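Read through the structure below, which is laid out as structure tokens, and then see the notes.
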Amino acid sequence: MKLSKSLLTAMVVGIGIGASVSSCTKLNLEKEFNGENPREQVDGTCEDIDIDHDSGGEETDYCPACGLG
Amino acid sequence: MPKPLASVACNLDRNLLQATLPLLQAEQVEAIEWSFDTLFKVRDIPEWFVQLLREFGEAGRLVGHGVYFSLFSGKWTADQEDWLRRLRRMSQEFRFDHISEHFGFLTGEHFHKGAPLSVPFNAKTLRLGQDRLMRIADACGVPVGLENLAFAFSPDEVRRQGEVLDKLLEPVNGFLILDLHNVYCQLENFGLEANDLLNYLPLDRVREIHISGGSWEPSDLRETAIRRDTHDEGVPDAVFDLLARHLPDCPSTRFVVLEQIGISLNGEAQQSRFRQDFLRMKELVEASPMQAEAHRNFQPELPATLPPPLEDAELAAEQEVLSGLLESAADYPALRAALAGSPIAESDWDWEGWTPYMLETAMKIAQKWKEGW
């Protein structure tokens, strides 16, 4: 089955630096089930994978971890 | 009709995901099975893993496989109530094509400690299991099924398991997960023939097939080692052979799933072997002469409201006794002496008829897992 490019990219990054906390956002299922805002930004993860959102250029157009440009 | 979907048991484990990722990238994996209750106590799940579950779910290619419900526990517990509550929520969050659990009860003081064992097959345990399956079906709203157990105390239990599974599943129109490595364990441990054993199972109910590897454990009570369903090695040729020969006997199969635990995929050689096993499985499925029937409808029909959960205090007490003796026995002779003087002596448990080396194996399993998984 074909998966989305964004998912596969995020998995490459996520699995590479550890499956437990590995992306810019993590989904807190407990909060989601309770109707609270489930998405928590994790500091530093984009830097951990050498993505600088402020520098511009093709390589930073898309951060595979957080999906931000 | 399309052939079954080549699937991976995919959980939030780095080694397992590393092993599986190249297959996902190459678009080889057609479905995934997720042991959803292993993450019930995990608050924070990476969003990419959630997205993985969603993409397969939206395509109708996500199945859930529970581990911790303990179908045959005689006592109804808050843990089971909570498990159903979480399953209900999970089923709203993710689109499962079906949900399954294991056939047995867990030793240990609660769900997250113990190993799965069978129960005496009688009218009371049948009603108990049917009650539990009905509740699982009510919580998830999709077809529900059970996996055949690897462990058995005797050849007679092996022969009866199929009939019991069929009766358990009938009220919920349920399906069977045919775990072929579990079958292999029973063939090796009791010297049975594959055709004979499989004739006892309701193969018309098979909707999912598992293949995996395991290990050999020496026994003081048997010249040959005991085959254990430890999921920590590649798939043996004998299990691939069972798949090739018997997939055509299971015309309602929709998923064929490769299982291996992450701790055993801790190097490139192991991960490469895993991918080879998956591709070999997929080739066998595609080459199979099986004639898939129009996918059998396993959707349950349930009453509008459920009665209170059945309980069997006597069974619960006996399970506690058996679990305690298995977990605490100093050695096999001590275990036999304790069982002989226990409340389960000369009962439906028929421990006196259990094959000695399987009783010894049960003791080892219970003592290994009593501190948790």
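Every chain in the structure tokens takes a letter, A first, then B, and so on in the order presented; its residues are numbered from 1, and the ligands are numbered from 1 following the presented order.
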Test item: chain B residues at most 10 Å from chain A, counting only C-alpha atoms, as a PyMOL selection string: chain B and resi 5-6+12-18+21-31+39-52+55-56+59+61+86+89-90+92-93
Shell of 6 Å around stretch 98-106 of chain B, only C-alpha atoms, local chain residues under 5 positions omitted, as a VMD selection string: chain B and resid 63 to 66 70 to 73 114 to 118 142 to 147 149
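Note that atom CA of B:Pro120 and atom CA of B:Met358 are 15.7 Å apart.
Shortest atom-to-atom contact with B:Val8 among B:Glu352, B:Val257, B:Gln367, B:His181: B:Val257, counting only C-alpha atoms.
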Which of stretch 136-180 of chain B DSSP labels strand (DSSP E or B), written as a list in words: Val144, Gly145, Leu146, Glu147, Phe175, Leu176, Ile177, Leu178 and Asp179 of chain B
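Picture a line from atom CA of B:Val67 to atom CA of B:Leu84; it runs 12.6 Å.
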